[in-house]
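Novice: If it helps, the file is called start-v1.csv and holds CSV, C-alpha atoms and all ligand atoms:
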chain,number,residue,atom,x,y,z
A,1,MET,CA,-8.8,-10.7,-16.7
A,2,ASN,CA,-9.2,-7.0,-17.5
A,3,GLU,CA,-11.9,-6.2,-15.0
A,4,ASN,CA,-11.4,-3.0,-13.0
A,5,LEU,CA,-10.3,-3.5,-9.4
A,6,ILE,CA,-10.7,0.2,-8.7
A,7,CYS,CA,-13.0,2.7,-10.3
A,8,LEU,CA,-13.2,6.3,-9.1
A,9,SER,CA,-15.7,8.6,-10.6
A,10,ASN,CA,-15.9,12.4,-10.0
A,11,LEU,CA,-14.3,11.9,-6.6
A,12,SER,CA,-13.7,14.9,-4.4
A,13,LYS,CA,-12.2,15.4,-1.0
A,14,SER,CA,-12.3,18.5,1.2
A,15,PHE,CA,-10.9,19.1,4.6
A,16,VAL,CA,-12.6,21.6,6.8
A,17,SER,CA,-10.5,23.4,9.3
A,18,ARG,CA,-10.7,26.7,11.2
A,19,ALA,CA,-9.0,28.4,8.3
A,20,GLY,CA,-11.8,27.3,6.0
A,21,THR,CA,-12.4,24.5,3.5
A,22,VAL,CA,-9.5,23.1,1.5
A,23,GLU,CA,-10.4,21.2,-1.6
A,24,VAL,CA,-7.7,18.6,-1.9
A,25,LEU,CA,-9.1,16.2,-4.6
A,26,ARG,CA,-11.3,17.7,-7.4
A,27,GLY,CA,-13.3,15.5,-9.6
A,28,VAL,CA,-10.9,12.6,-9.9
A,29,ASP,CA,-11.8,9.9,-12.5
A,30,LEU,CA,-9.5,6.9,-12.3
A,31,SER,CA,-9.8,3.2,-13.1
A,32,ILE,CA,-7.2,0.6,-12.3
A,33,ALA,CA,-7.5,-2.9,-13.8
A,34,ARG,CA,-6.6,-6.0,-11.9
A,35,GLY,CA,-2.9,-6.8,-12.4
A,36,GLU,CA,-1.9,-3.3,-13.4
A,37,CYS,CA,1.2,-1.5,-12.1
A,38,VAL,CA,0.5,2.2,-11.9
A,39,ALA,CA,2.8,5.0,-10.8
A,40,LEU,CA,1.1,8.0,-9.2
A,41,VAL,CA,3.3,11.1,-9.6
A,42,GLY,CA,2.8,14.8,-8.7
A,43,GLN,CA,4.3,17.6,-6.7
A,44,SER,CA,4.3,17.8,-2.9
A,45,GLY,CA,0.8,18.7,-1.7
A,46,SER,CA,-0.9,17.7,-4.9
A,47,GLY,CA,-3.1,15.1,-3.1
A,48,LYS,CA,-1.3,11.8,-3.7
A,49,SER,CA,-1.4,10.5,-0.1
A,50,THR,CA,-5.0,11.7,0.3
A,51,LEU,CA,-6.0,9.8,-2.8
A,52,LEU,CA,-4.1,6.7,-1.6
A,53,SER,CA,-5.9,6.9,1.8
A,54,ILE,CA,-9.3,6.9,0.1
A,55,ILE,CA,-8.4,4.0,-2.2
A,56,GLY,CA,-7.0,2.1,0.8
A,57,LEU,CA,-10.2,2.7,2.7
A,58,LEU,CA,-8.4,4.6,5.5
A,59,ASP,CA,-10.4,7.8,4.6
A,60,SER,CA,-13.6,8.5,2.7
A,61,ALA,CA,-14.3,10.9,-0.1
A,62,THR,CA,-16.5,14.0,0.3
A,63,SER,CA,-18.4,13.3,-2.9
A,64,GLY,CA,-18.2,11.1,-6.0
A,65,THR,CA,-18.2,7.3,-6.2
A,66,TYR,CA,-15.6,4.7,-5.4
A,67,THR,CA,-16.1,1.1,-6.6
A,68,LEU,CA,-13.7,-1.5,-5.3
A,69,CYS,CA,-13.9,-5.2,-6.4
A,70,GLY,CA,-17.3,-4.4,-7.9
A,71,SER,CA,-18.8,-2.9,-4.7
A,72,ALA,CA,-19.7,0.7,-4.2
A,73,VAL,CA,-17.7,1.6,-1.1
A,74,SER,CA,-20.3,4.0,0.2
A,75,SER,CA,-22.9,1.2,0.4
A,76,LEU,CA,-20.7,-1.0,2.6
A,77,SER,CA,-21.0,-1.4,6.4
A,78,HIS,CA,-18.0,-0.7,8.7
A,79,TYR,CA,-17.7,-4.5,9.1
A,80,GLN,CA,-17.7,-5.1,5.3
A,81,LEU,CA,-15.1,-2.3,4.9
A,82,SER,CA,-12.8,-3.8,7.5
A,83,ILE,CA,-12.9,-7.1,5.7
A,84,LEU,CA,-12.1,-5.6,2.4
A,85,ARG,CA,-9.3,-3.6,4.0
A,86,ASN,CA,-7.8,-6.6,5.6
A,87,LYS,CA,-8.2,-9.0,2.7
A,88,ASN,CA,-7.6,-6.9,-0.4
A,89,ILE,CA,-5.2,-4.2,0.5
A,90,GLY,CA,-1.5,-4.3,1.6
A,91,TRP,CA,0.1,-1.0,2.6
A,92,ILE,CA,3.7,0.0,2.2
A,93,PHE,CA,4.9,3.4,3.6
A,94,GLN,CA,8.0,5.5,3.3
A,95,ASN,CA,9.0,5.0,7.0
A,96,PHE,CA,8.3,1.2,7.0
A,97,ASN,CA,6.0,1.4,10.1
A,98,LEU,CA,7.5,-1.7,11.8
A,99,ILE,CA,7.0,-2.1,15.5
A,100,SER,CA,10.4,-1.8,17.1
A,101,GLU,CA,9.6,-4.0,20.2
A,102,LEU,CA,8.6,-6.9,18.0
A,103,SER,CA,11.0,-9.3,16.1
A,104,VAL,CA,10.8,-9.4,12.4
A,105,LEU,CA,8.7,-12.6,12.5
A,106,LYS,CA,6.3,-11.1,15.1
A,107,ASN,CA,5.9,-8.0,12.9
A,108,ILE,CA,4.9,-10.1,10.0
A,109,GLU,CA,2.5,-12.1,12.1
A,110,LEU,CA,0.7,-9.0,13.3
A,111,PRO,CA,-1.9,-8.7,10.6
A,112,MET,CA,-2.8,-12.4,11.0
A,113,ARG,CA,-4.2,-11.6,14.4
A,114,TYR,CA,-7.0,-9.6,12.7
A,115,ASN,CA,-7.8,-12.3,10.2
A,116,SER,CA,-10.0,-15.0,11.7
A,117,GLU,CA,-9.5,-17.2,8.7
A,118,ILE,CA,-5.9,-17.9,9.7
A,119,ASN,CA,-5.3,-20.5,12.3
A,120,LYS,CA,-3.0,-19.3,15.1
A,121,ALA,CA,-0.9,-22.5,14.7
A,122,ASP,CA,-0.1,-21.4,11.2
A,123,TYR,CA,1.1,-17.9,12.0
A,124,GLU,CA,4.8,-18.7,12.1
A,125,THR,CA,4.9,-20.9,8.9
A,126,ILE,CA,3.0,-18.2,6.9
A,127,ALA,CA,5.3,-15.5,8.3
A,128,MET,CA,8.4,-17.5,7.4
A,129,LYS,CA,7.1,-18.1,3.9
A,130,GLN,CA,6.5,-14.4,3.3
A,131,LEU,CA,9.9,-13.6,4.8
A,132,SER,CA,11.6,-16.0,2.4
A,133,SER,CA,9.7,-14.5,-0.5
A,134,VAL,CA,11.6,-11.2,0.2
A,135,GLY,CA,14.9,-13.1,0.8
A,136,LEU,CA,15.2,-12.4,4.5
A,137,GLN,CA,14.6,-15.8,6.1
A,138,ASP,CA,17.8,-15.4,8.1
A,139,LYS,CA,16.6,-12.3,9.8
A,140,ALA,CA,13.4,-13.8,11.4
A,141,HIS,CA,14.6,-13.3,15.0
A,142,SER,CA,16.2,-9.9,14.4
A,143,TYR,CA,14.6,-6.6,15.5
A,144,PRO,CA,13.9,-3.8,13.1
A,145,ASP,CA,16.7,-1.6,14.5
A,146,GLN,CA,19.2,-4.3,13.6
A,147,LEU,CA,18.3,-4.1,9.9
A,148,SER,CA,19.2,-1.7,7.2
A,149,GLY,CA,16.5,0.6,5.8
A,150,GLY,CA,16.1,-1.6,2.7
A,151,GLN,CA,15.8,-4.8,4.8
A,152,GLN,CA,13.2,-3.1,7.0
A,153,GLN,CA,11.2,-2.2,3.9
A,154,ARG,CA,11.4,-5.8,2.7
A,155,VAL,CA,10.0,-6.9,6.0
A,156,ALA,CA,7.2,-4.3,5.6
A,157,ILE,CA,6.5,-5.8,2.2
A,158,ALA,CA,6.4,-9.3,3.6
A,159,ARG,CA,3.9,-8.1,6.2
A,160,ALA,CA,1.8,-6.4,3.6
A,161,LEU,CA,1.7,-9.7,1.6
A,162,VAL,CA,0.1,-11.7,4.5
A,163,GLY,CA,-3.4,-12.6,3.5
A,164,ASP,CA,-2.4,-12.4,-0.2
A,165,PRO,CA,-3.9,-9.0,-1.0
A,166,ASP,CA,-5.2,-8.1,-4.5
A,167,MET,CA,-3.5,-4.8,-4.3
A,168,LEU,CA,-0.4,-3.1,-2.8
A,169,LEU,CA,-0.6,0.6,-2.1
A,170,CYS,CA,2.8,2.1,-1.7
A,171,ASP,CA,3.3,5.7,-0.6
A,172,GLU,CA,6.9,6.7,-1.5
A,173,PRO,CA,8.3,3.3,-0.5
A,174,THR,CA,11.9,4.2,-1.4
A,175,GLY,CA,11.8,7.8,-0.1
A,176,ASN,CA,14.1,6.9,2.8
A,177,LEU,CA,16.4,4.6,0.9
A,178,ASP,CA,19.7,5.0,-0.9
A,179,SER,CA,19.8,4.2,-4.6
A,180,LYS,CA,21.0,0.5,-4.2
A,181,ASN,CA,18.3,-0.3,-1.7
A,182,SER,CA,15.7,1.6,-3.7
A,183,LYS,CA,16.5,-0.5,-6.7
A,184,GLN,CA,16.0,-3.7,-4.7
A,185,ILE,CA,12.7,-2.6,-3.4
A,186,THR,CA,11.4,-1.4,-6.8
A,187,ASP,CA,12.6,-4.6,-8.5
A,188,LEU,CA,10.7,-6.6,-5.8
A,189,LEU,CA,7.5,-4.6,-6.3
A,190,LEU,CA,7.8,-5.1,-10.1
A,191,GLU,CA,8.3,-8.8,-9.5
A,192,LEU,CA,5.2,-9.0,-7.2
A,193,ASN,CA,3.3,-7.3,-9.9
A,194,LYS,CA,4.4,-9.8,-12.5
A,195,ARG,CA,3.2,-12.5,-10.1
A,196,GLY,CA,-0.3,-10.9,-10.3
A,197,THR,CA,-0.6,-8.3,-7.5
A,198,THR,CA,-2.0,-5.0,-8.6
A,199,VAL,CA,0.4,-2.2,-7.5
A,200,LEU,CA,-0.3,1.5,-7.1
A,201,ILE,CA,2.8,3.4,-6.1
A,202,VAL,CA,3.4,7.0,-5.3
A,203,THR,CA,6.9,7.8,-6.4
A,204,HIS,CA,9.3,10.6,-7.3
A,205,ASP,CA,11.6,8.1,-9.0
A,206,ASN,CA,11.2,8.8,-12.7
A,207,GLU,CA,13.3,5.8,-13.8
A,208,PHE,CA,11.1,3.4,-11.7
A,209,ALA,CA,7.9,5.2,-12.8
A,210,SER,CA,8.8,4.6,-16.4
A,211,LYS,CA,9.0,0.8,-15.7
A,212,CYS,CA,5.4,0.8,-14.5
A,213,GLN,CA,2.7,0.1,-17.1
A,214,ARG,CA,1.1,3.5,-16.6
A,215,ILE,CA,1.9,6.8,-15.1
A,216,VAL,CA,-0.9,8.9,-13.6
A,217,GLN,CA,-0.1,12.5,-13.0
A,218,ILE,CA,-1.9,14.5,-10.3
A,219,SER,CA,-1.6,18.2,-10.0
A,220,ASP,CA,-3.5,20.4,-7.5
A,221,GLY,CA,-6.0,17.6,-6.8
A,222,GLU,CA,-6.8,16.9,-10.5
A,223,ILE,CA,-5.7,14.0,-12.7
A,224,ASN,CA,-4.2,15.3,-15.9
B,301,LIG,N1,-6.3,16.1,7.4
B,301,LIG,C1,-6.1,17.2,6.7
B,301,LIG,N2,-6.6,18.4,7.0
B,301,LIG,C2,-6.4,19.5,6.2
B,301,LIG,N3,-5.6,19.5,5.1
B,301,LIG,C3,-5.1,18.3,4.7
B,301,LIG,C4,-5.2,17.1,5.5
B,301,LIG,N4,-4.6,16.1,4.9
B,301,LIG,C5,-4.0,16.7,3.8
B,301,LIG,N5,-4.3,18.0,3.7
B,301,LIG,C6,-3.9,18.9,2.7
B,301,LIG,O1,-4.1,18.3,1.4
B,301,LIG,C7,-3.1,18.6,0.5
B,301,LIG,C8,-2.6,17.3,-0.1
B,301,LIG,O2,-2.0,16.6,0.8
B,301,LIG,P1,-1.3,15.1,0.5
B,301,LIG,O3,-0.7,14.6,1.8
B,301,LIG,O4,-2.3,14.3,-0.1
B,301,LIG,O5,-0.2,15.6,-0.6
B,301,LIG,P2,0.9,14.7,-1.3
B,301,LIG,O6,0.7,14.8,-2.7
B,301,LIG,O7,0.9,13.3,-0.7
B,301,LIG,O8,2.3,15.4,-0.9
B,301,LIG,P3,3.7,14.9,-0.5
B,301,LIG,O9,4.4,14.6,-1.8
B,301,LIG,O10,4.4,16.0,0.2
B,301,LIG,O11,3.6,13.7,0.4
B,301,LIG,C9,-2.0,19.4,1.2
B,301,LIG,O12,-2.2,20.8,0.9
B,301,LIG,C10,-2.4,19.1,2.7
B,301,LIG,O13,-2.0,20.2,3.5
B,302,MG,MG,2.3,12.2,0.4
Could the structure of this file be written out as structure tokens, please?
Specialist:
Amino acid sequence: MNENLICLSNLSKSFVSRAGTVEVLRGVDLSIARGECVALVGQSGSGKSTLLSIIGLLDSATSGTYTLCGSAVSSLSHYQLSILRNKNIGWIFQNFNLISELSVLKNIELPMRYNSEINKADYETIAMKQLSSVGLQDKAHSYPDQLSGGQQQRVAIARALVGDPDMLLCDEPTGNLDSKNSKQITDLLLELNKRGTTVLIVTHDNEFASKCQRIVQISDGEIN
């Protein structure tokens, strides 16, 4: 059960702009085993979100190799990548990214529309199950602006869990929350990890980071 879910080798990322080339990630080597809970910490601008975007297949590296679930990402077609992205990765962001015009239930149903394996008739049952797992079943018909920040983040987590992803990628998920709500969210993430989901989380919360199995420190695009 100790196989690597993620393996990055000598990974680099540069952005080219009119001002020149900026090297944001420089020779990153990082492996994450299935079932691990890893905190990614580093100063603002050190490359945390860039690294997460590459791991989450939202962006690609300039050089180096990335192996996800045993496949070299660079060898996969757009179609294969979209399947991996949908099936294996759940995203949680600082600003929740819920759609304000949709009810809580419809927000959670959204990723199912891109998953042909889920029958439309089952959308609501699955969404309710995920909503219950984050303790918000009574908010199914509320809209995001009727919820507290912590509740919105729990809805976002329920949405990320649709499709039962192998891995949750969390980019400062408690950055907009007060300490009480932060604690609820970090406890929930630790609980999900205990149930088997691999968690990679960017955080500035040292107390939470210390509860993760491993802390990975990035500075100026390099892992220390
Ligand atoms: N699309 C882009 N084009 C040019 N530079 C970029 C781009 N995206 C990120 N960068 C630069 O890469 C560096 C790392 O950015 P990144 O967002 O990964 O940092 P971060 O560690 O997540 O910071 P924060 O803690 O503030 O969120 C920054 O200097 C940023 O300006
Ligand atoms: Mg960031």
Novice: Report as an MDAnalysis selection string which protein, DNA and RNA residues come within 10 Å of ligand MG 302 (chain B), using all atoms listed in the file.
Specialist: chainID A and resid 42:53 93:94 171:172 202:203
Novice: Show me, as a list in words, the residues that have an atom within 8 Å of Thr62 of chain A when counting all atoms listed in the file, minus same-chain residues fewer than 5 positions from it.
Specialist: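 Residues near the query, excluding close chain neighbours: Leu11, Ser12, Lys13 and Ser14 of chain A.
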Novice: Hey, what's within 10 Å of Lys194 of chain A if we count all atoms listed in the file and toss same-chain stuff fewer than 5 positions away? As a PyMOL selection string, please?
Specialist: chain A and resi 35-37+188-189+199
Novice: Quick one, how far is atom CA of Leu68 of chain A from atom CA of Lys211 of chain A?
Specialist: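 Those two atoms sit 25.1 Å apart.
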Novice: Counting all atoms listed in the file, which residue out of A:Tyr66, A:Leu57, A:Ser17, A:Ile157 sits closest to Gln80 of chain A?
Specialist: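 Counting all atoms listed in the file, the residue closest to Gln80 of chain A is A:Leu57.
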Novice: Could you name the residues that touch Ala33 of chain A at 12 Å or less, counting only C-alpha atoms, but leaving out those on the same chain fewer than 5 positions away, as a PDB file with C-alpha atoms, keeping the file's coordinate frame?
Specialist:
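Output file out_33.pdb follows:
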ATOM      1  CA  MET A   1      -8.800 -10.700 -16.700  1.00  0.00           C
ATOM      2  CA  ASN A   2      -9.200  -7.000 -17.500  1.00  0.00           C
ATOM      3  CA  GLU A   3     -11.900  -6.200 -15.000  1.00  0.00           C
ATOM      4  CA  ASN A   4     -11.400  -3.000 -13.000  1.00  0.00           C
ATOM      5  CA  LEU A   5     -10.300  -3.500  -9.400  1.00  0.00           C
ATOM      6  CA  ILE A   6     -10.700   0.200  -8.700  1.00  0.00           C
ATOM      7  CA  CYS A   7     -13.000   2.700 -10.300  1.00  0.00           C
ATOM      8  CA  LEU A   8     -13.200   6.300  -9.100  1.00  0.00           C
ATOM      9  CA  VAL A  38       0.500   2.200 -11.900  1.00  0.00           C
ATOM     10  CA  THR A  67     -16.100   1.100  -6.600  1.00  0.00           C
ATOM     11  CA  LEU A  68     -13.700  -1.500  -5.300  1.00  0.00           C
ATOM     12  CA  CYS A  69     -13.900  -5.200  -6.400  1.00  0.00           C
ATOM     13  CA  GLY A  70     -17.300  -4.400  -7.900  1.00  0.00           C
ATOM     14  CA  ASP A 166      -5.200  -8.100  -4.500  1.00  0.00           C
ATOM     15  CA  MET A 167      -3.500  -4.800  -4.300  1.00  0.00           C
ATOM     16  CA  GLY A 196      -0.300 -10.900 -10.300  1.00  0.00           C
ATOM     17  CA  THR A 197      -0.600  -8.300  -7.500  1.00  0.00           C
ATOM     18  CA  THR A 198      -2.000  -5.000  -8.600  1.00  0.00           C
ATOM     19  CA  VAL A 199       0.400  -2.200  -7.500  1.00  0.00           C
ATOM     20  CA  LEU A 200      -0.300   1.500  -7.100  1.00  0.00           C
ATOM     21  CA  GLN A 213       2.700   0.100 -17.100  1.00  0.00           C
ATOM     22  CA  ARG A 214       1.100   3.500 -16.600  1.00  0.00           C
TER      23      ARG A 214
END
Novice: Find the distance between atom CA of Ser179 of chain A and atom CA of Ile215 of chain A and write it in Å to one decimal.
Specialist: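 Atom CA of Ser179 of chain A sits 20.9 Å away from atom CA of Ile215 of chain A.
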Novice: Excluding Leu136 of chain A and any residue of its chain fewer than 2 positions from it, enumerate the residues within 10 Å of it, using only C-alpha atoms, and give them as a ChimeraX atom specification.
Specialist: /A:104,128-134,138-140,151-152,154-155,158
Novice: Go through A:Ile185, A:Leu147, A:Ile201, A:Leu98 and flag the residue nearest ligand LIG 301 (chain B), using only C-alpha atoms and all ligand atoms for the distances.
Specialist: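 Closest to ligand LIG 301 (chain B), using only C-alpha atoms and all ligand atoms: A:Ile201.
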Novice: Please complete segment 119-132 of chain A with N, CA, C and O atoms and give it back as an mmCIF file, in the frame of the given file.
Specialist:
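part.cif written:
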data_model
loop_
_atom_site.group_PDB
_atom_site.id
_atom_site.type_symbol
_atom_site.label_atom_id
_atom_site.label_comp_id
_atom_site.auth_asym_id
_atom_site.auth_seq_id
_atom_site.Cartn_x
_atom_site.Cartn_y
_atom_site.Cartn_z
ATOM 1 N N ASN A 119 -5.432 -19.715 11.080
ATOM 2 C CA ASN A 119 -5.300 -20.500 12.300
ATOM 3 C C ASN A 119 -4.015 -20.005 13.055
ATOM 4 O O ASN A 119 -2.954 -19.913 12.432
ATOM 5 N N LYS A 120 -4.119 -19.782 14.360
ATOM 6 C CA LYS A 120 -3.000 -19.300 15.100
ATOM 7 C C LYS A 120 -1.748 -20.206 14.957
ATOM 8 O O LYS A 120 -0.600 -19.740 14.912
ATOM 9 N N ALA A 121 -2.020 -21.507 14.862
ATOM 10 C CA ALA A 121 -0.900 -22.500 14.700
ATOM 11 C C ALA A 121 -0.130 -22.294 13.444
ATOM 12 O O ALA A 121 1.004 -22.771 13.332
ATOM 13 N N ASP A 122 -0.738 -21.589 12.474
ATOM 14 C CA ASP A 122 -0.100 -21.400 11.200
ATOM 15 C C ASP A 122 0.691 -20.091 11.048
ATOM 16 O O ASP A 122 1.351 -19.853 10.031
ATOM 17 N N TYR A 123 0.556 -19.228 12.064
ATOM 18 C CA TYR A 123 1.100 -17.900 12.000
ATOM 19 C C TYR A 123 2.625 -17.942 11.543
ATOM 20 O O TYR A 123 3.064 -17.261 10.613
ATOM 21 N N GLU A 124 3.394 -18.765 12.288
ATOM 22 C CA GLU A 124 4.800 -18.700 12.100
ATOM 23 C C GLU A 124 5.212 -19.255 10.675
ATOM 24 O O GLU A 124 6.064 -18.676 9.992
ATOM 25 N N THR A 125 4.546 -20.322 10.244
ATOM 26 C CA THR A 125 4.900 -20.900 8.900
ATOM 27 C C THR A 125 4.560 -19.875 7.831
ATOM 28 O O THR A 125 5.356 -19.699 6.893
ATOM 29 N N ILE A 126 3.405 -19.195 7.954
ATOM 30 C CA ILE A 126 3.000 -18.200 6.900
ATOM 31 C C ILE A 126 4.030 -17.041 6.951
ATOM 32 O O ILE A 126 4.497 -16.580 5.901
ATOM 33 N N ALA A 127 4.372 -16.583 8.153
ATOM 34 C CA ALA A 127 5.300 -15.500 8.300
ATOM 35 C C ALA A 127 6.659 -15.828 7.657
ATOM 36 O O ALA A 127 7.272 -15.030 6.925
ATOM 37 N N MET A 128 7.131 -17.046 7.926
ATOM 38 C CA MET A 128 8.400 -17.500 7.400
ATOM 39 C C MET A 128 8.359 -17.555 5.847
ATOM 40 O O MET A 128 9.310 -17.189 5.165
ATOM 41 N N LYS A 129 7.215 -18.002 5.324
ATOM 42 C CA LYS A 129 7.100 -18.100 3.900
ATOM 43 C C LYS A 129 7.174 -16.707 3.243
ATOM 44 O O LYS A 129 7.882 -16.494 2.248
ATOM 45 N N GLN A 130 6.475 -15.735 3.845
ATOM 46 C CA GLN A 130 6.500 -14.400 3.300
ATOM 47 C C GLN A 130 7.934 -13.787 3.434
ATOM 48 O O GLN A 130 8.404 -13.083 2.546
ATOM 49 N N LEU A 131 8.576 -14.079 4.572
ATOM 50 C CA LEU A 131 9.900 -13.600 4.800
ATOM 51 C C LEU A 131 10.895 -14.142 3.749
ATOM 52 O O LEU A 131 11.756 -13.427 3.214
ATOM 53 N N SER A 132 10.730 -15.423 3.436
ATOM 54 C CA SER A 132 11.600 -16.000 2.400
ATOM 55 C C SER A 132 11.317 -15.405 1.056
ATOM 56 O O SER A 132 12.239 -15.224 0.263
#
